[in-house]
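Pasted below: run10.txt, compact mmCIF, C-alpha atoms and all ligand atoms.
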```
# COMPACT_ATOMS: atom_id res chain seq x y z
CA MET A 30 -66.00 -68.46 -62.97
CA SER A 31 -63.56 -70.68 -61.06
CA SER A 32 -63.96 -71.69 -57.41
CA VAL A 33 -61.05 -71.44 -55.02
CA SER A 34 -59.47 -74.89 -54.67
CA PRO A 35 -61.04 -76.78 -51.76
CA SER A 36 -57.84 -78.77 -51.23
CA ALA A 37 -55.89 -76.21 -49.20
CA ARG A 38 -54.38 -77.38 -45.90
CA SER A 39 -52.95 -75.40 -42.99
CA GLY A 40 -49.36 -76.61 -43.30
CA ASP A 41 -48.73 -74.07 -46.00
CA LEU A 42 -50.30 -71.06 -44.26
CA ASP A 43 -47.38 -68.80 -45.12
CA ALA A 44 -47.58 -69.79 -48.76
CA ARG A 45 -51.35 -69.32 -48.78
CA LEU A 46 -51.03 -65.89 -47.13
CA ALA A 47 -48.42 -64.87 -49.72
CA GLN A 48 -50.46 -66.23 -52.63
CA ASN A 49 -53.61 -64.45 -51.45
CA ALA A 50 -51.68 -61.22 -50.77
CA ALA A 51 -50.26 -61.23 -54.29
CA ALA A 52 -53.69 -61.71 -55.86
CA ILE A 53 -55.20 -58.98 -53.67
CA GLU A 54 -52.31 -56.64 -54.52
CA THR A 55 -53.04 -57.08 -58.24
CA LEU A 56 -56.70 -56.30 -57.69
CA LEU A 57 -55.99 -53.28 -55.47
CA GLU A 58 -53.58 -52.01 -58.10
CA ALA A 59 -56.36 -52.23 -60.71
CA LEU A 60 -58.91 -50.54 -58.43
CA LEU A 61 -56.42 -47.70 -57.84
CA SER A 62 -55.49 -47.19 -61.49
CA ASP A 63 -55.45 -43.71 -62.99
CA ILE A 64 -58.28 -44.58 -65.36
CA PRO A 65 -61.58 -43.16 -64.01
CA ALA A 66 -64.36 -45.69 -63.36
CA ALA A 67 -67.72 -45.27 -65.12
CA ASP A 68 -69.43 -42.05 -63.97
CA GLU A 69 -66.26 -40.69 -62.34
CA ILE A 70 -65.06 -37.41 -63.87
CA THR A 71 -61.32 -37.56 -63.20
CA ARG A 72 -58.93 -39.02 -60.61
CA PRO A 73 -56.74 -36.22 -59.20
CA PRO A 74 -53.12 -37.48 -59.42
CA ARG A 75 -51.98 -36.29 -55.97
CA LEU A 76 -55.00 -37.84 -54.24
CA LEU A 77 -54.58 -41.09 -56.16
CA ALA A 78 -50.85 -41.20 -55.35
CA ALA A 79 -51.60 -40.76 -51.64
CA MET A 80 -54.23 -43.52 -51.74
CA ARG A 81 -51.79 -45.84 -53.50
CA HIS A 82 -49.12 -45.01 -50.89
CA GLY A 83 -51.56 -45.95 -48.13
CA VAL A 84 -52.63 -49.22 -49.73
CA LEU A 85 -50.05 -50.78 -52.05
CA GLY A 86 -46.83 -52.57 -51.24
CA GLY A 87 -47.23 -53.57 -47.61
CA GLY A 88 -49.33 -55.17 -44.95
CA LYS A 89 -50.11 -58.77 -44.14
CA ARG A 90 -53.48 -58.63 -45.98
CA LEU A 91 -54.93 -60.75 -43.18
CA ARG A 92 -58.47 -59.40 -43.58
CA PRO A 93 -58.83 -60.24 -47.29
CA PHE A 94 -57.23 -63.60 -46.52
CA LEU A 95 -60.01 -64.32 -44.03
CA THR A 96 -62.68 -63.24 -46.53
CA VAL A 97 -61.25 -65.32 -49.36
CA GLU A 98 -60.62 -68.43 -47.26
CA THR A 99 -64.08 -68.30 -45.64
CA ALA A 100 -65.66 -67.89 -49.07
CA ARG A 101 -63.55 -70.77 -50.35
CA LEU A 102 -64.77 -72.98 -47.51
CA LEU A 103 -68.34 -72.38 -48.73
CA GLY A 104 -67.57 -72.69 -52.44
CA ALA A 105 -67.91 -69.06 -53.58
CA PRO A 106 -66.24 -67.95 -56.81
CA VAL A 107 -62.72 -66.72 -56.14
CA GLU A 108 -63.05 -63.55 -58.22
CA GLN A 109 -66.00 -62.42 -56.10
CA ALA A 110 -64.24 -63.37 -52.87
CA ARG A 111 -61.16 -61.36 -53.82
CA ARG A 112 -63.24 -58.29 -54.65
CA ALA A 113 -64.98 -58.48 -51.27
CA GLY A 114 -61.60 -59.01 -49.56
CA ALA A 115 -60.13 -56.03 -51.39
CA ALA A 116 -63.05 -53.89 -50.18
CA VAL A 117 -62.30 -54.83 -46.56
CA GLU A 118 -58.60 -54.09 -47.08
CA LEU A 119 -59.39 -50.65 -48.57
CA LEU A 120 -61.45 -49.87 -45.49
CA HIS A 121 -58.68 -51.14 -43.20
CA CYS A 122 -56.11 -48.96 -45.02
CA TYR A 123 -58.34 -45.89 -44.63
CA SER A 124 -58.44 -46.54 -40.87
CA LEU A 125 -54.65 -46.77 -40.72
CA VAL A 126 -54.19 -43.53 -42.71
CA HIS A 127 -56.55 -41.66 -40.40
CA ASP A 128 -55.24 -43.36 -37.24
CA ASP A 129 -51.72 -42.12 -38.05
CA LEU A 130 -52.79 -38.45 -38.42
CA PRO A 131 -51.44 -35.88 -35.94
CA ALA A 132 -54.92 -35.46 -34.44
CA MET A 133 -55.11 -39.20 -33.74
CA ASP A 134 -52.00 -41.30 -33.01
CA ASP A 135 -49.51 -38.95 -34.71
CA ASP A 136 -47.27 -41.63 -36.22
CA ASP A 137 -44.45 -41.16 -38.73
CA LEU A 138 -44.00 -44.81 -39.68
CA ARG A 139 -46.46 -47.39 -41.01
CA ARG A 140 -45.61 -50.68 -42.72
CA GLY A 141 -41.96 -49.64 -42.55
CA ARG A 142 -42.56 -46.49 -44.60
CA PRO A 143 -43.50 -42.85 -43.93
CA THR A 144 -47.18 -42.46 -43.07
CA VAL A 145 -49.37 -40.82 -45.71
CA HIS A 146 -49.46 -37.39 -44.03
CA LYS A 147 -45.64 -37.48 -43.79
CA ALA A 148 -45.14 -38.54 -47.42
CA PHE A 149 -47.76 -36.02 -48.62
CA ASP A 150 -49.51 -33.61 -46.23
CA GLU A 151 -52.28 -33.72 -43.67
CA ALA A 152 -55.14 -32.50 -45.87
CA THR A 153 -54.21 -34.96 -48.60
CA ALA A 154 -54.05 -37.81 -46.05
CA ILE A 155 -57.54 -36.96 -44.73
CA LEU A 156 -58.94 -36.95 -48.26
CA ALA A 157 -57.07 -40.14 -49.20
CA GLY A 158 -58.65 -41.89 -46.20
CA ASP A 159 -62.08 -40.55 -47.13
CA ALA A 160 -61.74 -41.74 -50.71
CA LEU A 161 -60.51 -45.21 -49.62
CA LEU A 162 -63.53 -45.54 -47.35
CA THR A 163 -65.97 -44.69 -50.11
CA LEU A 164 -64.14 -46.87 -52.64
CA ALA A 165 -64.54 -49.85 -50.30
CA PHE A 166 -68.34 -49.56 -50.49
CA ASP A 167 -68.19 -48.87 -54.23
CA VAL A 168 -66.45 -52.24 -54.69
CA LEU A 169 -68.97 -54.13 -52.53
CA ALA A 170 -71.97 -52.51 -54.24
CA ASP A 171 -70.75 -53.39 -57.74
CA GLU A 172 -72.48 -56.25 -59.58
CA ALA A 173 -69.09 -57.86 -60.17
CA THR A 174 -68.95 -58.66 -56.44
CA HIS A 175 -72.21 -60.64 -56.50
CA GLU A 176 -75.02 -60.95 -59.01
CA ALA A 177 -77.78 -60.69 -56.35
CA GLY A 178 -78.58 -57.22 -55.05
CA ALA A 179 -79.75 -58.64 -51.71
CA VAL A 180 -76.38 -60.29 -51.11
CA ARG A 181 -74.52 -57.09 -52.04
CA ALA A 182 -76.74 -55.12 -49.64
CA ALA A 183 -75.98 -57.64 -46.86
CA LEU A 184 -72.24 -57.24 -47.48
CA VAL A 185 -72.54 -53.45 -47.36
CA THR A 186 -74.55 -53.59 -44.13
CA CYS A 187 -72.05 -55.96 -42.54
CA LEU A 188 -69.09 -53.72 -43.37
CA THR A 189 -70.95 -50.57 -42.32
CA ARG A 190 -71.95 -51.91 -38.91
CA ALA A 191 -68.43 -53.24 -38.26
CA SER A 192 -66.63 -50.07 -39.25
CA GLY A 193 -68.88 -47.20 -38.18
CA LEU A 194 -70.50 -45.69 -35.11
CA GLY A 195 -71.01 -48.91 -33.16
CA GLY A 196 -67.87 -50.58 -34.52
CA MET A 197 -64.37 -49.42 -35.45
CA VAL A 198 -64.95 -45.65 -35.44
CA GLY A 199 -66.86 -45.90 -32.17
CA GLY A 200 -64.03 -48.00 -30.73
CA GLN A 201 -61.49 -45.39 -31.80
CA MET A 202 -63.56 -42.73 -30.02
CA LEU A 203 -63.61 -44.80 -26.83
CA ASP A 204 -59.85 -45.30 -27.18
CA LEU A 205 -59.21 -41.55 -27.43
CA ALA A 206 -61.48 -40.98 -24.42
CA ALA A 207 -59.53 -43.64 -22.47
CA GLU A 208 -56.38 -41.60 -23.09
CA GLY A 209 -58.08 -38.78 -21.17
CA ARG A 210 -58.33 -36.48 -24.18
CA PHE A 211 -61.75 -35.08 -23.48
CA GLU A 212 -61.75 -34.87 -19.69
CA GLU A 213 -59.37 -35.36 -16.81
CA ALA A 214 -57.62 -38.71 -16.99
CA ARG A 215 -59.85 -41.16 -15.14
CA GLY A 216 -57.44 -44.01 -14.43
CA ALA A 217 -57.27 -47.47 -15.95
CA LEU A 218 -60.41 -48.75 -17.64
CA PRO A 219 -62.08 -51.80 -16.13
CA GLU A 220 -61.28 -55.01 -18.00
CA VAL A 221 -64.83 -55.35 -19.31
CA GLU A 222 -64.61 -51.90 -20.94
CA ILE A 223 -61.20 -52.66 -22.43
CA ARG A 224 -62.63 -55.80 -24.01
CA GLN A 225 -65.59 -53.90 -25.44
CA LEU A 226 -63.37 -51.13 -26.81
CA GLN A 227 -61.09 -53.69 -28.47
CA ALA A 228 -64.00 -55.68 -29.88
CA MET A 229 -65.18 -52.49 -31.56
CA LYS A 230 -61.90 -50.93 -32.64
CA THR A 231 -60.13 -54.01 -34.00
CA GLY A 232 -62.28 -57.09 -33.56
CA ALA A 233 -65.34 -55.97 -35.49
CA LEU A 234 -63.56 -55.53 -38.82
CA LEU A 235 -61.77 -58.87 -38.50
CA ALA A 236 -65.06 -60.58 -37.66
CA ALA A 237 -66.70 -58.81 -40.61
CA SER A 238 -63.94 -60.08 -42.90
CA VAL A 239 -65.07 -63.60 -42.04
CA GLU A 240 -68.80 -62.82 -42.17
CA ILE A 241 -68.52 -61.20 -45.59
CA GLY A 242 -66.84 -64.34 -46.93
CA ALA A 243 -69.56 -66.44 -45.32
CA ARG A 244 -72.40 -64.36 -46.79
CA LEU A 245 -70.76 -64.40 -50.21
CA GLY A 246 -70.65 -68.20 -49.97
CA GLY A 247 -74.36 -68.40 -49.03
CA ALA A 248 -73.75 -69.70 -45.48
CA ASP A 249 -76.84 -71.01 -43.67
CA ALA A 250 -77.75 -69.80 -40.15
CA THR A 251 -75.72 -72.52 -38.41
CA ALA A 252 -72.58 -71.83 -40.43
CA LEU A 253 -73.03 -68.06 -40.00
CA ALA A 254 -73.28 -68.45 -36.22
CA ALA A 255 -70.19 -70.69 -36.02
CA LEU A 256 -68.16 -68.43 -38.29
CA GLY A 257 -69.35 -65.44 -36.26
CA ARG A 258 -67.97 -67.04 -33.09
CA TYR A 259 -64.73 -67.81 -34.95
CA GLY A 260 -64.36 -64.25 -36.27
CA ARG A 261 -65.03 -62.59 -32.91
CA ALA A 262 -62.59 -64.85 -31.06
CA LEU A 263 -59.96 -64.35 -33.77
CA GLY A 264 -60.45 -60.58 -33.60
CA ALA A 265 -59.94 -60.59 -29.84
CA THR A 266 -56.88 -62.83 -30.22
CA PHE A 267 -55.40 -60.45 -32.77
CA GLN A 268 -55.84 -57.37 -30.56
CA ILE A 269 -54.43 -58.92 -27.41
CA ALA A 270 -51.45 -60.15 -29.47
CA ASP A 271 -51.06 -56.52 -30.61
CA ASP A 272 -51.03 -55.35 -26.98
CA ILE A 273 -48.33 -57.93 -26.19
CA LEU A 274 -46.27 -56.97 -29.26
CA ASP A 275 -46.52 -53.31 -28.25
CA VAL A 276 -44.67 -54.26 -25.07
CA GLU A 277 -42.30 -56.95 -26.37
CA SER A 278 -41.45 -55.92 -29.90
CA ASP A 279 -39.52 -53.05 -31.49
CA ALA A 280 -40.31 -50.60 -34.29
CA ALA A 281 -38.01 -52.32 -36.81
CA GLN A 282 -39.88 -55.60 -36.38
CA MET A 283 -43.35 -54.03 -36.44
CA GLY A 284 -42.79 -51.38 -39.12
CA LYS A 285 -44.48 -48.86 -36.81
CA ALA A 286 -43.79 -47.24 -33.44
CA THR A 287 -44.19 -49.51 -30.39
CA ALA A 288 -44.48 -49.02 -26.62
CA LYS A 289 -47.07 -46.31 -27.36
CA ASP A 290 -49.97 -47.77 -25.43
CA ALA A 291 -48.36 -47.61 -22.01
CA ASP A 292 -46.90 -44.17 -22.81
CA LYS A 293 -50.40 -42.85 -23.41
CA GLY A 294 -51.84 -44.60 -20.39
CA LYS A 295 -54.11 -46.61 -22.69
CA GLY A 296 -56.12 -49.44 -21.25
CA THR A 297 -54.82 -52.72 -22.63
CA LEU A 298 -55.30 -56.29 -21.51
CA VAL A 299 -51.58 -56.44 -20.73
CA GLY A 300 -52.22 -53.69 -18.19
CA ALA A 301 -55.32 -55.42 -16.81
CA LEU A 302 -54.05 -59.01 -16.74
CA GLY A 303 -50.26 -58.62 -16.64
CA LEU A 304 -48.01 -59.91 -19.42
CA ASP A 305 -48.29 -63.60 -18.52
CA GLY A 306 -52.04 -63.33 -17.96
CA ALA A 307 -52.44 -61.60 -21.32
CA LYS A 308 -50.51 -64.39 -23.04
CA ARG A 309 -52.72 -67.02 -21.41
CA GLU A 310 -55.82 -65.11 -22.49
CA ARG A 311 -54.48 -64.74 -26.04
CA ASP A 312 -53.96 -68.50 -26.26
CA ARG A 313 -57.40 -69.21 -24.75
CA LEU A 314 -59.07 -66.95 -27.33
CA SER A 315 -57.14 -68.52 -30.18
CA ALA A 316 -58.27 -71.98 -29.00
CA GLU A 317 -61.85 -70.66 -28.78
CA ALA A 318 -61.63 -69.56 -32.42
CA VAL A 319 -60.38 -73.00 -33.45
CA ALA A 320 -63.13 -74.70 -31.41
CA ALA A 321 -65.80 -72.62 -33.17
CA LEU A 322 -64.89 -74.43 -36.39
CA SER A 323 -65.58 -77.90 -34.99
CA GLY A 324 -68.52 -78.37 -37.35
CA PHE A 325 -66.28 -77.99 -40.39
CA GLY A 326 -63.90 -80.60 -41.74
CA ALA A 327 -60.27 -80.49 -42.81
CA GLU A 328 -61.09 -77.90 -45.47
CA ALA A 329 -61.30 -75.36 -42.61
CA ASP A 330 -57.73 -76.13 -41.47
CA VAL A 331 -56.41 -72.97 -43.09
CA LEU A 332 -58.82 -70.88 -40.96
CA ARG A 333 -57.74 -72.82 -37.86
CA ALA A 334 -54.12 -72.04 -38.77
CA ALA A 335 -55.05 -68.35 -39.20
CA ALA A 336 -56.37 -68.26 -35.62
CA ARG A 337 -53.06 -69.65 -34.36
CA PHE A 338 -51.20 -67.17 -36.59
CA ALA A 339 -53.16 -64.28 -35.03
CA ALA A 340 -51.84 -65.36 -31.63
CA GLU A 341 -48.28 -66.18 -32.64
CA ARG A 342 -47.59 -63.37 -35.14
CA LYS A 343 -44.39 -61.37 -34.71
CA SER A 344 -45.51 -58.23 -36.59
C1 LIG B 401 -59.07 -43.72 -37.33
C2 LIG B 401 -61.43 -44.43 -37.87
C3 LIG B 401 -60.12 -44.75 -37.31
C4 LIG B 401 -59.95 -45.96 -36.79
C5 LIG B 401 -58.65 -46.44 -36.30
C6 LIG B 401 -57.66 -49.72 -36.88
C7 LIG B 401 -57.56 -48.56 -35.99
C8 LIG B 401 -58.80 -47.80 -35.73
C9 LIG B 401 -56.39 -48.16 -35.50
C10 LIG B 401 -55.12 -48.85 -35.74
C11 LIG B 401 -54.33 -48.82 -34.50
C12 LIG B 401 -53.85 -50.14 -34.16
C13 LIG B 401 -52.39 -50.32 -34.28
C14 LIG B 401 -54.68 -51.08 -33.75
C15 LIG B 401 -54.20 -52.41 -33.36
C16 LIG B 401 -54.59 -53.50 -34.28
C17 LIG B 401 -54.41 -53.17 -35.70
C18 LIG B 401 -55.61 -52.76 -36.43
C19 LIG B 401 -53.21 -53.27 -36.25
C20 LIG B 401 -52.95 -53.06 -37.69
O1 LIG B 401 -53.45 -54.15 -38.42
P1 LIG B 401 -52.46 -55.19 -39.13
O2 LIG B 401 -51.43 -55.69 -38.15
O3 LIG B 401 -51.73 -54.23 -40.16
O4 LIG B 401 -53.28 -56.22 -39.84
P2 LIG B 401 -51.20 -54.53 -41.64
O5 LIG B 401 -50.21 -53.40 -41.89
O6 LIG B 401 -50.54 -55.88 -41.68
O7 LIG B 401 -52.40 -54.45 -42.54
```

Would you mind giving the structure from this file in structure tokens?
Ligand code: GRG
Amino acid sequence: MSSVSPSARSGDLDARLAQNAAAIETLLEALLSDIPAADEITRPPRLLAAMRHGVLGGGKRLRPFLTVETARLLGAPVEQARRAGAAVELLHCYSLVHDDLPAMDDDDLRRGRPTVHKAFDEATAILAGDALLTLAFDVLADEATHEAGAVRAALVTCLTRASGLGGMVGGQMLDLAAEGRFEEARGALPEVEIRQLQAMKTGALLAASVEIGARLGGADATALAALGRYGRALGATFQIADDILDVESDAAQMGKATAKDADKGKGTLVGALGLDGAKRERDRLSAEAVAALSGFGAEADVLRAAARFAAERKS
């Protein structure tokens, strides 16, 4: 099995993102083929088509990029790193499919295309999300992702904790509550609660993308702690950049509706800190992510560049 080249540098971040995205696309395509996996009975064509619509042909693939590049830093085999990255991307795509549903954000556009419930129907979109979620754990639990059962179990636990009750799904629940869905609107959330909500809803999965790469590469406790700090700061950077883009960008640029947060009275750090304050905080968090990597050499430059990309991204 080949290792990912340790010679990558940050200057070519765009090229590295594109190269990683292409490799992940090929793998996702294979995982979503119409040939049933061992022990599956059949793959219903409409469900599979909806899953493929929700996953293939779009997205920055930032999460698998983080997994693969963190694993590369620690010398893990690239085939294993890509499988783990694909699992995270499948889970991310499930969250987008469900987030777009009428009962959630009710969006018609995602990645510049009709959302899954628009292209198919609501029941199919719910099931497509469910099946993407379970497929993500199927991929992590497979021996092809790592030969050691204990490592595979650690990857599964990491993704579960990041994406479930006390992570992304919990964060989504807090977000819906902040919109005043379940009680009378209660005014703007305090900044500390906004930060916690965002750490759960968006930050946890980005941090887990890094941690999964680190665990796959056999990181020791010191490296795990540093990469944990990096992942959490990068996740917070990414979300505050999203809040800023929601205000400053348009739907054509983002491939999804914008200006929705303020419309719904959602608590965002732009609301709490003002636009200029939010930009300063975004840049501070991005610098914090870079600083967390001080114990690594030039081979971590691509991760440093990813933290800057999270702050500076335009879509
Ligand atoms: C419905 C369980 C459930 C969870 C929803 C992820 C999420 C939680 C909602 C998405 C809403 C949203 C726009 C959050 C802001 C940050 C974010 C996750 C943006 C989308 O991620 P990108 O920019 O998307 O990486 P691509 O399309 O590039 O993969």

One number please: atom CA of A:Ser315 to atom CA of A:Asp128, in Å, one decimal. 26.2 Å

Taking 3 positions as the minimum chain separation for residues in the same chain, which residues sit within 8 Å of A:Arg244 when counting all atoms listed in the file? Answer as number ranges by chain. A: 100, 180, 183-184, 240-241, 247-248, 253

So how far away is atom CA of A:Leu234 from atom CA of A:Leu57, in Å?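 So the answer is 18.4 Å.
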
Polymer residues at most 8 Å from (-53.0, -58.3, -34.1) by only C-alpha atoms, as a CSV table (one decimal) with C-alpha atoms, in the frame of the given file:
```csv
chain,number,residue,atom,x,y,z
A,264,GLY,CA,-60.4,-60.6,-33.6
A,266,THR,CA,-56.9,-62.8,-30.2
A,267,PHE,CA,-55.4,-60.4,-32.8
A,268,GLN,CA,-55.8,-57.4,-30.6
A,269,ILE,CA,-54.4,-58.9,-27.4
A,270,ALA,CA,-51.4,-60.2,-29.5
A,271,ASP,CA,-51.1,-56.5,-30.6
A,272,ASP,CA,-51.0,-55.4,-27.0
A,339,ALA,CA,-53.2,-64.3,-35.0
A,340,ALA,CA,-51.8,-65.4,-31.6
A,342,ARG,CA,-47.6,-63.4,-35.1
A,344,SER,CA,-45.5,-58.2,-36.6
```

Of the listed residues A:Leu169, A:Leu42, A:Val107, A:Ala233, that which approaches ligand LIG 401 (chain B) most closely, counting all atoms listed in the file: A:Ala233

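Considering all atoms listed in the file, every residue of the polymer chains approaching ligand LIG 401 (chain B) to 6 Å or closer is listed here: Gly88, Lys89, Arg90, Leu91, Ser124, Leu125, His127, Asp128, Arg140, Met197, Val198, Gln201, Lys230, Thr231, Gln268 and Asp271 of chain A.
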
Hey, can you spit out that residue selection with C-alpha atoms as a PDB file, in the frame of the given file?
```pdb
ATOM      1  CA  GLY A  88     -49.330 -55.170 -44.950  1.00  0.00           C
ATOM      2  CA  LYS A  89     -50.110 -58.770 -44.140  1.00  0.00           C
ATOM      3  CA  ARG A  90     -53.480 -58.630 -45.980  1.00  0.00           C
ATOM      4  CA  LEU A  91     -54.930 -60.750 -43.180  1.00  0.00           C
ATOM      5  CA  SER A 124     -58.440 -46.540 -40.870  1.00  0.00           C
ATOM      6  CA  LEU A 125     -54.650 -46.770 -40.720  1.00  0.00           C
ATOM      7  CA  HIS A 127     -56.550 -41.660 -40.400  1.00  0.00           C
ATOM      8  CA  ASP A 128     -55.240 -43.360 -37.240  1.00  0.00           C
ATOM      9  CA  ARG A 140     -45.610 -50.680 -42.720  1.00  0.00           C
ATOM     10  CA  MET A 197     -64.370 -49.420 -35.450  1.00  0.00           C
ATOM     11  CA  VAL A 198     -64.950 -45.650 -35.440  1.00  0.00           C
ATOM     12  CA  GLN A 201     -61.490 -45.390 -31.800  1.00  0.00           C
ATOM     13  CA  LYS A 230     -61.900 -50.930 -32.640  1.00  0.00           C
ATOM     14  CA  THR A 231     -60.130 -54.010 -34.000  1.00  0.00           C
ATOM     15  CA  GLN A 268     -55.840 -57.370 -30.560  1.00  0.00           C
ATOM     16  CA  ASP A 271     -51.060 -56.520 -30.610  1.00  0.00           C
TER      17      ASP A 271
END
```

Which of these residues is nearest to A:Met229, using only C-alpha atoms: A:Ala177, A:Arg81, A:Asp204, A:Ile64?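 Closest residue, counting only C-alpha atoms: A:Asp204.
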
Close residues, A:Tyr123 itself excluded, 10 Å, only C-alpha atoms, min 2 positions apart in chain, as a PyMOL selection string: chain A and resi 80+83-84+117-121+125-128+154-165

Export of prior selection with C-alpha atoms as a compact mmCIF listing (two decimals), keeping the file's coordinate frame:
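Result file result35.txt:
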```txt
# COMPACT_ATOMS: atom_id res chain seq x y z
CA MET A 80 -54.23 -43.52 -51.74
CA GLY A 83 -51.56 -45.95 -48.13
CA VAL A 84 -52.63 -49.22 -49.73
CA VAL A 117 -62.30 -54.83 -46.56
CA GLU A 118 -58.60 -54.09 -47.08
CA LEU A 119 -59.39 -50.65 -48.57
CA LEU A 120 -61.45 -49.87 -45.49
CA HIS A 121 -58.68 -51.14 -43.20
CA LEU A 125 -54.65 -46.77 -40.72
CA VAL A 126 -54.19 -43.53 -42.71
CA HIS A 127 -56.55 -41.66 -40.40
CA ASP A 128 -55.24 -43.36 -37.24
CA ALA A 154 -54.05 -37.81 -46.05
CA ILE A 155 -57.54 -36.96 -44.73
CA LEU A 156 -58.94 -36.95 -48.26
CA ALA A 157 -57.07 -40.14 -49.20
CA GLY A 158 -58.65 -41.89 -46.20
CA ASP A 159 -62.08 -40.55 -47.13
CA ALA A 160 -61.74 -41.74 -50.71
CA LEU A 161 -60.51 -45.21 -49.62
CA LEU A 162 -63.53 -45.54 -47.35
CA THR A 163 -65.97 -44.69 -50.11
CA LEU A 164 -64.14 -46.87 -52.64
CA ALA A 165 -64.54 -49.85 -50.30
```

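Shell of A:Ala334 at 12 Å, with all atoms listed in the file counted and residues fewer than 6 places along the chain excluded, is Ala37, Arg38, Ser39, Gly40, Asp41, Leu42, Asp43, Arg45, Leu46, Phe94, Leu95, Glu98, Leu263, Ser315, Ala316, Ala318, Val319, Ala320, Leu322, Ala327, Glu328, Ala340, Glu341 and Arg342 of chain A.
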
Taking only C-alpha atoms into account, which of A:Ala116, A:Leu332, A:Ala206, A:Ala321 comes nearest A:Ala252? A:Ala321

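Here atom CA of A:Arg258 stands at a distance of 10.6 Å from atom CA of A:Leu314.
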
So, with only C-alpha atoms as the atoms that count, which of A:Thr71, A:Leu77, A:Glu58, A:Thr297 lies closest to A:Glu208?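 For A:Glu208, the nearest of the given residues is A:Thr297.
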
Using only C-alpha atoms, which of A:Phe149, A:Phe338, A:Phe211, A:Phe166 sits nearest A:Arg311?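 Closest residue, counting only C-alpha atoms: A:Phe338.
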
How big is the axis-aligned box around all listed atoms of stretch 44-53 of chain A once 6 Å goes on each side, and where's its centre, in Å to one decimal, as JSON?
```
{"center_x": -51.4, "center_y": -64.4, "center_z": -51.5, "size_x": 19.6, "size_y": 22.8, "size_z": 20.7}
```

Between A:Pro131, A:Gly200, A:Leu205, A:Gly300, which residue has the minimum interatomic distance to A:Ala152, considering all atoms listed in the file?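 Checking each candidate against A:Ala152, we get A:Pro131 as the closest.
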
Could stretch 71-75 of chain A be completed with all heavy atoms and written as a PDB file, keeping the file's coordinate frame, please?
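The result, written out as result-v4.pdb:
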```pdb
ATOM      1  N   THR A  71     -62.772 -37.398 -63.059  1.00  0.00           N
ATOM      2  CA  THR A  71     -61.320 -37.560 -63.200  1.00  0.00           C
ATOM      3  C   THR A  71     -60.774 -38.009 -61.850  1.00  0.00           C
ATOM      4  O   THR A  71     -61.445 -37.864 -60.823  1.00  0.00           O
ATOM      5  CB  THR A  71     -60.641 -36.252 -63.675  1.00  0.00           C
ATOM      6  OG1 THR A  71     -59.262 -36.511 -63.918  1.00  0.00           O
ATOM      7  CG2 THR A  71     -60.756 -35.149 -62.633  1.00  0.00           C
ATOM      8  N   ARG A  72     -59.564 -38.571 -61.859  1.00  0.00           N
ATOM      9  CA  ARG A  72     -58.930 -39.020 -60.610  1.00  0.00           C
ATOM     10  C   ARG A  72     -57.728 -38.118 -60.341  1.00  0.00           C
ATOM     11  O   ARG A  72     -56.682 -38.303 -60.974  1.00  0.00           O
ATOM     12  CB  ARG A  72     -58.516 -40.485 -60.725  1.00  0.00           C
ATOM     13  CG  ARG A  72     -59.715 -41.418 -60.862  1.00  0.00           C
ATOM     14  CD  ARG A  72     -59.348 -42.897 -60.786  1.00  0.00           C
ATOM     15  NE  ARG A  72     -60.512 -43.667 -60.366  1.00  0.00           N
ATOM     16  CZ  ARG A  72     -60.500 -44.945 -59.980  1.00  0.00           C
ATOM     17  NH1 ARG A  72     -59.353 -45.618 -59.989  1.00  0.00           N
ATOM     18  NH2 ARG A  72     -61.603 -45.548 -59.593  1.00  0.00           N
ATOM     19  N   PRO A  73     -57.836 -37.162 -59.434  1.00  0.00           N
ATOM     20  CA  PRO A  73     -56.740 -36.220 -59.200  1.00  0.00           C
ATOM     21  C   PRO A  73     -55.447 -36.952 -58.843  1.00  0.00           C
ATOM     22  O   PRO A  73     -55.421 -37.758 -57.895  1.00  0.00           O
ATOM     23  CB  PRO A  73     -57.236 -35.366 -58.034  1.00  0.00           C
ATOM     24  CG  PRO A  73     -58.726 -35.459 -58.116  1.00  0.00           C
ATOM     25  CD  PRO A  73     -59.010 -36.850 -58.593  1.00  0.00           C
ATOM     26  N   PRO A  74     -54.354 -36.701 -59.593  1.00  0.00           N
ATOM     27  CA  PRO A  74     -53.120 -37.480 -59.420  1.00  0.00           C
ATOM     28  C   PRO A  74     -52.562 -37.468 -58.000  1.00  0.00           C
ATOM     29  O   PRO A  74     -52.130 -38.509 -57.502  1.00  0.00           O
ATOM     30  CB  PRO A  74     -52.142 -36.825 -60.410  1.00  0.00           C
ATOM     31  CG  PRO A  74     -53.013 -36.204 -61.444  1.00  0.00           C
ATOM     32  CD  PRO A  74     -54.259 -35.769 -60.738  1.00  0.00           C
ATOM     33  N   ARG A  75     -52.574 -36.324 -57.322  1.00  0.00           N
ATOM     34  CA  ARG A  75     -51.980 -36.290 -55.970  1.00  0.00           C
ATOM     35  C   ARG A  75     -52.804 -37.132 -54.985  1.00  0.00           C
ATOM     36  O   ARG A  75     -52.251 -37.845 -54.143  1.00  0.00           O
ATOM     37  CB  ARG A  75     -51.889 -34.835 -55.475  1.00  0.00           C
ATOM     38  CG  ARG A  75     -51.218 -34.709 -54.108  1.00  0.00           C
ATOM     39  CD  ARG A  75     -51.046 -33.264 -53.689  1.00  0.00           C
ATOM     40  NE  ARG A  75     -50.449 -33.185 -52.371  1.00  0.00           N
ATOM     41  CZ  ARG A  75     -49.135 -33.276 -52.113  1.00  0.00           C
ATOM     42  NH1 ARG A  75     -48.285 -33.442 -53.104  1.00  0.00           N
ATOM     43  NH2 ARG A  75     -48.692 -33.220 -50.879  1.00  0.00           N
TER      44      ARG A  75
END
```
